[in-house]
$ cat data.cif   # mmCIF, C-alpha atoms
data_coords
loop_
_atom_site.label_atom_id
_atom_site.label_comp_id
_atom_site.auth_asym_id
_atom_site.auth_seq_id
_atom_site.Cartn_x
_atom_site.Cartn_y
_atom_site.Cartn_z
CA MET A 1 -24.30 -52.85 4.84
CA THR A 2 -23.98 -49.14 4.02
CA ASN A 3 -22.30 -47.04 6.68
CA LEU A 4 -24.01 -43.88 7.93
CA GLY A 5 -21.59 -43.38 10.80
CA ASP A 6 -18.89 -44.99 12.83
CA LYS A 7 -21.28 -47.07 14.84
CA ALA A 8 -25.01 -47.70 15.12
CA SER A 9 -26.57 -45.76 17.97
CA THR A 10 -28.26 -47.75 20.68
CA GLY A 11 -29.82 -44.76 22.44
CA GLY A 12 -29.87 -44.31 26.18
CA ALA A 13 -31.81 -47.41 27.23
CA THR A 14 -30.27 -50.62 28.51
CA ASP A 15 -33.19 -52.94 27.72
CA PRO A 16 -34.50 -52.37 24.17
CA GLY A 17 -37.65 -54.33 24.90
CA GLU A 18 -38.92 -52.29 27.82
CA VAL A 19 -37.39 -48.83 28.05
CA SER A 20 -37.28 -47.36 31.52
CA THR A 21 -37.69 -43.61 31.74
CA THR A 22 -39.16 -41.15 34.18
CA GLY A 23 -42.24 -39.49 32.77
CA ALA A 24 -43.08 -39.19 29.11
CA PRO A 25 -40.19 -39.51 26.63
CA ALA A 26 -39.05 -36.37 24.83
CA ARG A 27 -40.85 -36.01 21.51
CA HIS A 28 -38.89 -34.59 18.59
CA ALA A 29 -40.98 -32.48 16.19
CA VAL A 30 -41.29 -33.99 12.71
CA ASP A 31 -42.57 -31.70 9.96
CA ASN A 32 -44.11 -32.36 6.55
CA GLU A 33 -40.73 -32.23 4.83
CA VAL A 34 -39.53 -35.16 6.92
CA LEU A 35 -42.79 -37.05 6.36
CA THR A 36 -42.53 -36.49 2.62
CA ARG A 37 -38.92 -37.66 2.49
CA LEU A 38 -39.86 -40.74 4.51
CA ALA A 39 -42.87 -41.52 2.33
CA CYS A 40 -40.78 -41.15 -0.83
CA LEU A 41 -37.77 -43.23 0.21
CA ASP A 42 -36.66 -45.42 -2.67
CA ILE A 43 -37.17 -48.93 -1.26
CA SER A 44 -37.76 -50.61 -4.64
CA ALA A 45 -34.80 -52.97 -4.36
CA ALA A 46 -35.57 -53.88 -0.74
CA GLN A 47 -39.21 -54.53 -1.57
CA SER A 48 -38.31 -56.73 -4.54
CA ARG A 49 -35.84 -58.76 -2.49
CA TYR A 50 -38.23 -59.01 0.44
CA ALA A 51 -41.06 -60.20 -1.83
CA ARG A 52 -38.90 -63.11 -2.99
CA THR A 53 -38.62 -64.31 0.63
CA VAL A 54 -42.39 -64.41 1.19
CA ASP A 55 -44.31 -67.61 0.48
CA ALA A 56 -46.73 -67.42 -2.45
CA ASP A 57 -49.69 -68.21 -0.20
CA ALA A 58 -48.68 -65.79 2.56
CA PRO A 59 -51.28 -63.24 3.71
CA TYR A 60 -51.40 -59.93 1.87
CA TYR A 61 -49.95 -57.93 4.74
CA LEU A 62 -46.72 -59.94 4.83
CA LEU A 63 -45.95 -58.72 1.31
CA THR A 64 -46.98 -55.09 1.34
CA ASN A 65 -47.98 -53.82 4.78
CA VAL A 66 -44.50 -54.55 6.13
CA SER A 67 -43.17 -51.68 4.00
CA MET A 68 -45.64 -49.26 5.59
CA GLU A 69 -44.82 -50.44 9.10
CA TYR A 70 -41.12 -50.17 8.28
CA ARG A 71 -41.58 -46.49 7.44
CA ARG A 72 -43.60 -46.01 10.65
CA PHE A 73 -40.81 -47.71 12.58
CA LEU A 74 -38.30 -45.22 11.14
CA LEU A 75 -40.68 -42.37 11.95
CA LEU A 76 -40.87 -43.49 15.59
CA ARG A 77 -37.07 -43.54 15.80
CA LEU A 78 -36.90 -40.03 14.34
CA THR A 79 -39.67 -38.80 16.67
CA TYR A 80 -38.17 -40.30 19.85
CA PRO A 81 -34.39 -40.24 19.25
CA ASP A 82 -33.61 -40.63 22.96
CA LEU A 83 -35.31 -44.03 23.08
CA THR A 84 -34.04 -47.30 21.76
CA ILE A 85 -36.86 -48.66 19.63
CA PRO A 86 -36.08 -52.22 18.50
CA ALA A 87 -37.40 -53.60 15.24
CA PRO A 88 -39.68 -56.65 15.44
CA PRO A 89 -38.50 -59.59 13.28
CA LEU A 90 -40.43 -58.82 10.06
CA ILE A 91 -39.47 -55.16 10.10
CA ASP A 92 -35.88 -55.94 11.08
CA ARG A 93 -35.52 -58.16 8.01
CA TYR A 94 -36.86 -55.36 5.79
CA TRP A 95 -34.61 -52.79 7.49
CA ARG A 96 -31.47 -54.79 6.75
CA LEU A 97 -32.46 -55.30 3.11
CA HIS A 98 -32.98 -51.56 2.74
CA ALA A 99 -29.64 -50.82 4.42
CA GLU A 100 -27.92 -52.81 1.66
CA GLN A 101 -29.31 -50.55 -1.09
CA PRO A 102 -26.73 -48.14 -2.59
CA THR A 103 -29.10 -45.21 -2.00
CA PHE A 104 -29.55 -45.96 1.70
CA ALA A 105 -26.63 -43.85 2.92
CA SER A 106 -27.43 -40.69 0.95
CA GLU A 107 -31.17 -40.85 1.60
CA GLY A 108 -30.61 -41.68 5.27
CA ILE A 109 -28.26 -38.75 5.78
CA SER A 110 -30.69 -36.42 4.02
CA LEU A 111 -33.65 -37.70 6.03
CA ALA A 112 -31.80 -37.46 9.34
CA ALA A 113 -30.58 -33.95 8.55
CA ALA A 114 -34.14 -32.83 7.75
CA ALA A 115 -35.29 -34.33 11.07
CA GLY A 116 -32.40 -32.83 13.01
CA VAL A 117 -31.15 -36.15 14.43
CA SER A 118 -28.05 -38.27 14.00
CA PRO A 119 -28.13 -40.52 10.89
CA LYS A 120 -27.01 -43.33 13.18
CA MET A 121 -30.64 -43.53 14.31
CA LEU A 122 -31.46 -45.10 10.96
CA VAL A 123 -28.72 -47.75 10.95
CA PRO A 124 -29.61 -51.33 11.93
CA PRO A 125 -27.64 -52.65 14.91
CA PRO A 126 -25.11 -55.42 14.21
CA GLN A 127 -27.52 -58.05 15.52
CA PRO A 128 -31.33 -58.16 15.70
CA SER A 129 -32.80 -57.24 19.05
CA GLU A 130 -33.26 -60.06 21.55
CA TYR A 131 -36.28 -58.26 22.96
CA PRO A 132 -39.68 -57.57 21.43
CA PRO A 133 -40.79 -53.93 21.53
CA GLY A 134 -42.06 -53.38 25.05
CA ARG A 135 -45.20 -51.80 26.51
CA GLN A 136 -43.88 -48.26 26.38
CA ILE A 137 -43.10 -48.57 22.68
CA ARG A 138 -46.49 -50.13 22.09
CA ASP A 139 -48.21 -47.21 23.84
CA LEU A 140 -46.21 -44.68 21.80
CA TYR A 141 -47.06 -46.55 18.61
CA GLY A 142 -50.77 -46.69 19.46
CA ALA A 143 -50.85 -42.96 20.23
CA THR A 144 -48.99 -42.07 17.04
CA PHE A 145 -50.64 -44.56 14.66
CA PRO A 146 -54.11 -45.39 16.04
CA CYS A 147 -54.98 -47.18 12.80
CA GLY A 148 -51.59 -48.86 12.42
CA ASP A 149 -51.03 -52.53 11.64
CA ALA A 150 -49.95 -53.46 15.16
CA ASP A 151 -50.11 -57.21 14.52
CA LEU A 152 -46.96 -56.93 12.39
CA TRP A 153 -45.18 -55.79 15.56
CA GLY A 154 -46.47 -58.82 17.45
CA TRP A 155 -49.20 -56.87 19.24
CA PRO A 156 -53.00 -57.21 19.09
CA ALA A 157 -54.62 -55.24 16.28
CA LEU A 158 -55.55 -51.73 17.37
CA GLU A 159 -58.67 -51.36 15.22
CA PRO A 160 -59.43 -54.58 13.31
CA ASP A 161 -62.18 -53.04 11.13
CA ARG A 162 -60.47 -49.81 10.22
CA ARG A 163 -61.19 -47.84 7.05
CA ASN A 164 -59.45 -44.53 6.49
CA SER A 165 -59.62 -41.71 4.00
CA ALA A 166 -56.46 -39.85 3.09
CA PRO A 167 -55.65 -37.59 6.05
CA GLY A 168 -56.61 -33.97 5.59
CA LEU A 169 -58.17 -34.55 2.19
CA GLY A 170 -61.54 -36.04 2.97
CA LEU A 171 -62.71 -38.31 0.15
CA VAL A 172 -60.70 -38.24 -3.08
CA LEU A 173 -62.16 -39.16 -6.48
CA THR A 174 -60.36 -37.47 -9.35
CA GLN A 175 -58.38 -37.99 -12.54
CA LEU A 176 -54.61 -37.76 -12.39
CA PRO A 177 -53.32 -36.80 -15.86
CA SER A 178 -49.69 -37.44 -16.80
CA ALA A 179 -49.16 -40.08 -14.11
CA PHE A 180 -47.33 -42.20 -16.69
CA ASP A 181 -45.55 -41.21 -19.87
CA GLU A 182 -45.93 -43.34 -23.00
CA PHE A 183 -42.58 -45.06 -22.55
CA THR A 184 -43.50 -46.22 -19.04
CA ARG A 185 -47.00 -47.28 -20.10
CA SER A 186 -45.54 -49.36 -22.94
CA ALA A 187 -43.06 -51.03 -20.59
CA LEU A 188 -45.86 -51.80 -18.10
CA HIS A 189 -48.04 -53.16 -20.91
CA ARG A 190 -45.31 -55.58 -22.01
CA GLU A 191 -44.66 -56.71 -18.45
CA ALA A 192 -48.37 -57.22 -17.77
CA PHE A 193 -48.57 -59.78 -20.54
CA GLU A 194 -45.35 -61.44 -19.38
CA GLN A 195 -46.90 -61.79 -15.91
CA ARG A 196 -50.23 -63.11 -17.22
CA SER A 197 -49.32 -66.80 -16.90
CA SER A 198 -48.77 -66.37 -13.14
CA ALA A 199 -52.09 -64.62 -12.52
CA THR A 200 -54.23 -65.75 -9.58
CA GLU A 201 -58.01 -65.72 -9.30
CA GLY A 202 -59.14 -62.61 -7.42
CA HIS A 203 -62.01 -62.29 -4.95
CA SER A 204 -61.60 -65.91 -3.86
CA THR A 205 -60.64 -67.68 -0.68
CA THR A 206 -56.99 -67.59 -1.79
CA CYS A 207 -56.99 -63.94 -2.87
CA ASN A 208 -54.26 -61.95 -1.11
CA ILE A 209 -55.30 -58.53 -2.39
CA GLU A 210 -58.44 -57.76 -0.46
CA ARG A 211 -57.48 -59.16 2.94
CA GLY A 212 -61.08 -60.12 3.66
CA SER A 213 -62.69 -56.84 2.70
CA VAL A 214 -64.69 -58.08 -0.30
CA HIS A 215 -68.38 -58.41 0.46
CA GLY A 216 -70.80 -60.42 -1.64
CA GLY A 217 -68.45 -62.92 -3.23
CA PHE A 218 -69.99 -62.61 -6.71
CA GLY A 219 -67.92 -62.39 -9.90
CA GLY A 220 -64.19 -61.92 -9.99
CA TYR A 221 -61.15 -61.26 -12.10
CA CYS A 222 -57.55 -62.41 -11.96
CA TYR A 223 -54.45 -60.53 -10.93
CA ALA A 224 -50.68 -60.90 -11.05
CA GLU A 225 -47.94 -59.61 -8.78
CA ALA A 226 -45.80 -56.75 -10.03
CA GLY A 227 -42.72 -57.54 -12.10
CA PRO A 228 -39.46 -55.56 -12.04
CA VAL A 229 -40.85 -52.65 -14.09
CA LEU A 230 -43.93 -52.07 -11.94
CA ASP A 231 -41.91 -52.71 -8.77
CA ASP A 232 -39.52 -49.91 -9.69
CA VAL A 233 -42.26 -47.54 -10.87
CA HIS A 234 -44.30 -48.05 -7.72
CA TRP A 235 -41.71 -48.32 -4.95
CA ASN A 236 -39.10 -45.75 -6.01
CA GLY A 237 -41.05 -42.84 -4.49
CA VAL A 238 -41.58 -40.88 -7.72
CA MET A 239 -45.35 -41.50 -7.82
CA SER A 240 -45.68 -40.55 -4.15
CA ARG A 241 -44.02 -37.24 -4.93
CA PHE A 242 -46.30 -36.76 -7.93
CA ILE A 243 -49.44 -37.36 -5.83
CA ALA A 244 -48.14 -35.00 -3.15
CA ALA A 245 -47.47 -32.30 -5.73
CA GLU A 246 -50.89 -32.71 -7.36
CA HIS A 247 -53.08 -33.21 -4.28
CA GLY A 248 -51.05 -32.49 -1.17
CA ALA A 249 -51.42 -36.02 0.20
CA ILE A 250 -48.32 -37.43 1.92
CA VAL A 251 -48.69 -41.10 1.06
CA ALA A 252 -46.25 -43.95 0.61
CA PRO A 253 -46.36 -46.89 -1.84
CA ALA A 254 -48.19 -49.88 -0.36
CA GLY A 255 -48.61 -52.39 -3.20
CA ALA A 256 -49.12 -52.75 -6.95
CA TYR A 257 -50.74 -55.41 -9.13
CA TYR A 258 -51.83 -56.13 -12.67
CA ASN A 259 -55.58 -56.82 -12.89
CA TYR A 260 -56.89 -58.85 -15.85
CA HIS A 261 -60.58 -58.58 -16.72
CA ARG A 262 -61.96 -61.36 -18.92
CA SER A 263 -65.33 -61.71 -20.60
CA GLY A 264 -67.99 -61.99 -17.91
CA ASP A 265 -65.69 -60.90 -15.08
CA SER A 266 -66.87 -58.37 -12.55
CA SER A 267 -65.75 -56.88 -9.27
CA SER A 268 -68.37 -56.97 -6.54
CA LEU A 269 -68.86 -54.21 -3.98
CA HIS A 270 -65.71 -53.95 -1.89
CA THR A 271 -63.16 -51.62 -0.39
CA ASP A 272 -59.44 -51.81 -0.98
CA PRO A 273 -57.07 -53.26 1.62
CA TYR A 274 -55.63 -51.64 4.68
CA ALA A 275 -52.70 -49.33 3.86
CA ALA A 276 -54.57 -48.26 0.71
CA GLU A 277 -56.04 -44.90 1.63
CA LEU A 278 -55.51 -43.94 -2.02
CA THR A 279 -55.81 -46.20 -5.05
CA LEU A 280 -54.47 -45.31 -8.49
CA LEU A 281 -55.94 -47.18 -11.48
CA THR A 282 -54.52 -46.91 -15.00
CA LEU A 283 -55.77 -48.70 -18.11
CA LEU A 284 -53.05 -50.48 -20.07
CA SER A 285 -55.31 -52.17 -22.63
CA GLY A 286 -59.03 -51.79 -23.02
CA PRO A 287 -61.57 -50.27 -23.03
CA VAL A 288 -62.95 -51.33 -19.68
CA GLU A 289 -66.38 -50.75 -18.13
CA PRO A 290 -66.72 -47.98 -15.50
CA LEU A 291 -65.95 -48.47 -11.85
CA TYR A 292 -69.00 -47.46 -9.80
CA CYS A 293 -68.00 -45.60 -6.64
CA HIS A 294 -70.32 -45.07 -3.67
CA PRO A 295 -68.95 -42.21 -1.53
CA GLU A 296 -72.31 -42.11 0.26
CA LEU A 297 -71.27 -45.41 1.89
CA ALA A 298 -67.89 -44.11 3.10
CA ASP A 299 -69.07 -43.92 6.71
CA ALA A 300 -71.36 -46.97 6.58
CA PRO A 301 -70.63 -49.81 9.04
CA TRP A 302 -69.12 -53.02 7.67
CA GLU A 303 -72.32 -54.96 8.24
CA GLU A 304 -74.35 -52.49 6.21
CA ILE A 305 -71.97 -52.77 3.26
CA ARG A 306 -71.92 -56.54 3.54
CA SER A 307 -75.71 -56.76 3.65
CA LEU A 308 -76.06 -54.42 0.66
CA ALA A 309 -73.58 -56.46 -1.35
CA MET A 310 -75.37 -59.71 -0.59
CA ALA A 311 -78.80 -58.27 -1.37
CA THR A 312 -77.69 -56.87 -4.74
CA HIS A 313 -75.35 -59.67 -5.81
CA GLY A 314 -72.46 -57.28 -5.35
CA HIS A 315 -73.82 -54.52 -7.58
CA PRO A 316 -76.09 -51.96 -5.89
CA GLU A 317 -77.90 -49.32 -7.91
CA GLY A 318 -76.53 -45.82 -8.23
CA GLY A 319 -72.97 -44.85 -7.59
CA ILE A 320 -70.71 -42.50 -9.51
CA PRO A 321 -69.48 -44.07 -12.78
CA CYS A 322 -65.72 -43.62 -12.89
CA GLU A 323 -64.16 -44.15 -16.31
CA ILE A 324 -60.84 -45.99 -16.22
CA SER A 325 -58.62 -44.93 -19.11
CA PRO A 326 -54.96 -44.25 -19.90
CA THR A 327 -55.59 -41.14 -17.79
CA SER A 328 -55.17 -42.51 -14.28
CA VAL A 329 -57.93 -42.31 -11.68
CA LEU A 330 -57.03 -41.55 -8.05
CA PHE A 331 -59.58 -42.26 -5.34
CA SER A 332 -60.01 -43.16 -1.67
CA GLY A 333 -60.12 -46.90 -2.29
CA GLN A 334 -60.19 -47.93 1.35
CA ALA A 335 -62.97 -45.55 2.35
CA ILE A 336 -65.19 -45.58 -0.77
CA PRO A 337 -66.92 -48.90 -1.57
CA HIS A 338 -66.83 -49.59 -5.31
CA HIS A 339 -67.67 -52.27 -7.87
CA ARG A 340 -67.44 -53.05 -11.58
CA LYS A 341 -70.27 -54.75 -13.45
CA SER A 342 -69.92 -57.77 -15.71
CA VAL A 343 -69.75 -57.35 -19.49
CA GLU A 344 -69.07 -59.63 -22.43
CA ARG A 345 -65.87 -58.87 -24.31
CA TYR A 346 -63.63 -60.46 -26.91
CA ASP A 347 -60.26 -59.42 -25.49
CA GLU A 348 -58.92 -59.22 -21.97
CA VAL A 349 -58.53 -55.84 -20.36
CA VAL A 350 -55.47 -55.00 -18.26
CA VAL A 351 -55.53 -52.40 -15.49
CA VAL A 352 -52.58 -51.58 -13.25
CA ALA A 353 -53.66 -50.98 -9.65
CA GLN A 354 -51.39 -49.10 -7.25
CA PHE A 355 -52.10 -48.64 -3.54
CA PHE A 356 -50.78 -45.83 -1.37
CA GLY A 357 -51.04 -45.52 2.40
CA SER A 358 -50.63 -42.68 4.88
CA LEU A 359 -47.92 -42.80 7.51
CA LEU A 360 -50.05 -40.87 10.00
CA PRO A 361 -53.81 -41.06 10.69
#

$ encode --input "data.cif" --output "structure tokens"
Amino acid sequence: MTNLGDKASTGGATDPGEVSTTGAPARHAVDNEVLTRLACLDISAAQSRYARTVDADAPYYLLTNVSMEYRRFLLLRLTYPDLTIPAPPLIDRYWRLHAEQPTFASEGISLAAAAGVSPKMLVPPPQPSEYPPGRQIRDLYGATFPCGDADLWGWPALEPDRRNSAPGLGLVLTQLPSAFDEFTRSALHREAFEQRSSATEGHSTTCNIERGSVHGGFGGYCYAEAGPVLDDVHWNGVMSRFIAAEHGAIVAPAGAYYNYHRSGDSSSLHTDPYAAELTLLTLLSGPVEPLYCHPELADAPWEEIRSLAMATHGHPEGGIPCEISPTSVLFSGQAIPHHRKSVERYDEVVVVAQFFGSLLP
């Protein structure tokens, strides 16, 4: 494990599960520079190693949402440095994998310096905590991340039917030129075809991507998990920095997949999974039919979207046709319901889908 100091700090509390203090704990100010550094941490190696420990049929959130909750865990420790905030089991495992990365020490020191706290706050203790995070930590988490994935901490979900747009941006639907250079696109294209044999049917009862947010159940496509190239491209923080520079959104990587569209495939009206406030789609081989986006449904209740999808076999009239091309498209995938109609084609189409989530609401 990489050393950031002589010894991991345990804070001032004696019981990590239920911290006893008088009054509200001191809150350390965290600015956008710290949030950006945290969102752009290179966790590519940790994510790849963690993914290999997750069962193939495990729920979506065990593969990708853990990374988002890990960043939120670090943010809580930076925000409340006087408290001992223990990591729940899933996050603790991820934390220790990250601590073994060669870049952990330098990035941790830089992040801690920007936050004005000791880098020891970011070092895992020698042994996992014997206590689950207690009520005080849960209350702090709920106040800081009202739309967080609390079930990964072992707590009841805060808002089970949450759908968020990127904070401060409203609804995003735009092209993102120069997201990938030709060398990277070629490497992704090769890997996509190498991953094709392991592709899983999407929009089905075994689909891990949508986490239950697909409405209508008509049509489908197949998808494959990211390989080493896409893992590195997505999780190394470079794309998060690019999105921040282009649109001012502080978002962190939350998952990436190769989508394969065959003749007759479609994608019925749906929203993207939790921790996917922004979705980036890039065509690797095509052409592919437009994605129809319905920003007018961004505030519609779940039941209304579900009823509309069922009544229209997943493809309501109208919507904004969004052309997917080698020029990437960035949009609020969790907030904006969208669908792709069925067409007949001779060759498969490959689209790389990348999800990005916000650390704060």

$ closest_atom_pairs --input "data.cif" --of "range 288-346 of chain A" --to "range 257-276 of chain A" --cutoff "7 Å" --atoms "only C-alpha atoms" --output "JSON lines"
{"residue": "A:Ala309", "atom": "CA", "partner": "A:Leu269", "partner_atom": "CA", "distance": 5.9}
{"residue": "A:Gly314", "atom": "CA", "partner": "A:Ser268", "partner_atom": "CA", "distance": 4.3}
{"residue": "A:His315", "atom": "CA", "partner": "A:Ser268", "partner_atom": "CA", "distance": 6.1}
{"residue": "A:Gly333", "atom": "CA", "partner": "A:Asp272", "partner_atom": "CA", "distance": 5.1}
{"residue": "A:Gln334", "atom": "CA", "partner": "A:Asp272", "partner_atom": "CA", "distance": 4.6}
{"residue": "A:Ala335", "atom": "CA", "partner": "A:Thr271", "partner_atom": "CA", "distance": 6.7}
{"residue": "A:Ile336", "atom": "CA", "partner": "A:Thr271", "partner_atom": "CA", "distance": 6.4}
{"residue": "A:Pro337", "atom": "CA", "partner": "A:Thr271", "partner_atom": "CA", "distance": 4.8}
{"residue": "A:His338", "atom": "CA", "partner": "A:Leu269", "partner_atom": "CA", "distance": 5.2}
{"residue": "A:His339", "atom": "CA", "partner": "A:Leu269", "partner_atom": "CA", "distance": 4.5}
{"residue": "A:Arg340", "atom": "CA", "partner": "A:Ser267", "partner_atom": "CA", "distance": 4.8}
{"residue": "A:Lys341", "atom": "CA", "partner": "A:Ser266", "partner_atom": "CA", "distance": 5.0}
{"residue": "A:Ser342", "atom": "CA", "partner": "A:Ser266", "partner_atom": "CA", "distance": 4.4}
{"residue": "A:Val343", "atom": "CA", "partner": "A:Gly264", "partner_atom": "CA", "distance": 5.2}
{"residue": "A:Glu344", "atom": "CA", "partner": "A:Ser263", "partner_atom": "CA", "distance": 4.7}
{"residue": "A:Arg345", "atom": "CA", "partner": "A:Ser263", "partner_atom": "CA", "distance": 4.7}
{"residue": "A:Tyr346", "atom": "CA", "partner": "A:Ser263", "partner_atom": "CA", "distance": 6.7}

$ closest_residue --input "data.cif" --among "A:Leu297, A:Ser48, A:Cys222, A:Val34" --to "Ser198 in chain A" --atoms "all atoms listed in the file"
A:Cys222

$ closest_residue --input "data.cif" --among "A:Val350, A:Val117, A:Ala56, A:Val251" --to "Met68 in chain A" --atoms "all atoms listed in the file"
A:Val251

$ atom_distance --input "data.cif" --atom1 "CA of Ala29 in chain A" --atom2 "CA of Pro86 in chain A"
20.5 Å

$ residues_around --input "data.cif" --residues "Arg185 in chain A" --least-positions-apart "3" --cutoff "10 Å" --atoms "all atoms listed in the file" --output "list in words"
Ala179, Phe180, Asp181, Glu182, Leu188, His189, Arg190, Glu191, Leu230, Thr282, Leu283, Leu284, Ser285, Pro326 and Val352 of chain A

$ closest_residue --input "data.cif" --among "A:Leu281, A:Met310, A:Ser118, A:Thr36" --to "Pro81 in chain A" --atoms "all atoms listed in the file"
A:Ser118

$ closest_residue --input "data.cif" --among "A:Leu173, A:Ala150, A:Ala115, A:Ala226" --to "Leu63 in chain A" --atoms "only C-alpha atoms"
A:Ala226

$ atom_distance --input "data.cif" --atom1 "CA of Ser240 in chain A" --atom2 "CA of Leu111 in chain A"
16.0 Å

$ atom_distance --input "data.cif" --atom1 "CA of Glu225 in chain A" --atom2 "CA of Ala353 in chain A"
10.4 Å

$ resolve_selection --input "data.cif" --expression "the PyMOL selection byres ((chain A and resi 242) around 12)" --output "ChimeraX atom specification"
/A:36,39-40,176-180,233-234,236-241,243-253,280,330

$ resolve_selection --input "data.cif" --expression "the PyMOL selection byres ((chain A and resi 91) around 10)" --output "list in words"
Val66, Ser67, Met68, Glu69, Tyr70, Arg71, Phe73, Pro86, Ala87, Pro88, Pro89, Leu90, Asp92, Arg93, Tyr94, Trp95, Arg96, Leu97, Leu152 and Trp153 of chain A

$ build_atoms --input "data.cif" --residues "range 170-184 of chain A" --atoms "N, CA, C and O atoms" --output "CSV table (one decimal), keeping the file's coordinate frame"
chain,number,residue,atom,x,y,z
A,170,GLY,N,-60.2,-35.5,3.1
A,170,GLY,CA,-61.5,-36.0,3.0
A,170,GLY,C,-61.6,-37.2,2.0
A,170,GLY,O,-60.6,-38.0,1.9
A,171,LEU,N,-62.6,-37.3,1.2
A,171,LEU,CA,-62.7,-38.3,0.2
A,171,LEU,C,-62.2,-37.8,-1.2
A,171,LEU,O,-62.5,-36.7,-1.6
A,172,VAL,N,-61.3,-38.6,-1.8
A,172,VAL,CA,-60.7,-38.2,-3.1
A,172,VAL,C,-61.3,-39.1,-4.2
A,172,VAL,O,-61.4,-40.3,-4.1
A,173,LEU,N,-61.7,-38.5,-5.3
A,173,LEU,CA,-62.2,-39.2,-6.5
A,173,LEU,C,-61.9,-38.2,-7.7
A,173,LEU,O,-62.7,-37.3,-7.9
A,174,THR,N,-60.8,-38.4,-8.3
A,174,THR,CA,-60.4,-37.5,-9.4
A,174,THR,C,-59.5,-38.2,-10.4
A,174,THR,O,-58.9,-39.2,-10.2
A,175,GLN,N,-59.3,-37.5,-11.5
A,175,GLN,CA,-58.4,-38.0,-12.5
A,175,GLN,C,-57.0,-37.4,-12.2
A,175,GLN,O,-56.9,-36.4,-11.6
A,176,LEU,N,-56.0,-38.2,-12.6
A,176,LEU,CA,-54.6,-37.8,-12.4
A,176,LEU,C,-53.9,-37.8,-13.7
A,176,LEU,O,-53.2,-38.8,-14.0
A,177,PRO,N,-54.0,-36.8,-14.5
A,177,PRO,CA,-53.3,-36.8,-15.9
A,177,PRO,C,-51.8,-36.9,-15.7
A,177,PRO,O,-51.2,-36.4,-14.7
A,178,SER,N,-51.2,-37.4,-16.7
A,178,SER,CA,-49.7,-37.4,-16.8
A,178,SER,C,-49.0,-38.3,-15.7
A,178,SER,O,-47.9,-38.1,-15.4
A,179,ALA,N,-49.8,-39.2,-15.1
A,179,ALA,CA,-49.2,-40.1,-14.1
A,179,ALA,C,-48.1,-40.9,-14.7
A,179,ALA,O,-47.0,-41.2,-14.1
A,180,PHE,N,-48.3,-41.4,-16.0
A,180,PHE,CA,-47.3,-42.2,-16.7
A,180,PHE,C,-47.1,-41.6,-18.1
A,180,PHE,O,-48.0,-41.2,-18.8
A,181,ASP,N,-45.8,-41.6,-18.5
A,181,ASP,CA,-45.6,-41.2,-19.9
A,181,ASP,C,-45.7,-42.4,-20.8
A,181,ASP,O,-45.9,-43.6,-20.3
A,182,GLU,N,-45.7,-42.2,-22.1
A,182,GLU,CA,-45.9,-43.3,-23.0
A,182,GLU,C,-44.9,-44.4,-22.9
A,182,GLU,O,-45.2,-45.6,-23.1
A,183,PHE,N,-43.6,-44.1,-22.7
A,183,PHE,CA,-42.6,-45.1,-22.6
A,183,PHE,C,-42.8,-46.0,-21.4
A,183,PHE,O,-42.7,-47.2,-21.5
A,184,THR,N,-43.2,-45.4,-20.2
A,184,THR,CA,-43.5,-46.2,-19.0
A,184,THR,C,-44.7,-47.1,-19.2
A,184,THR,O,-44.8,-48.3,-18.9
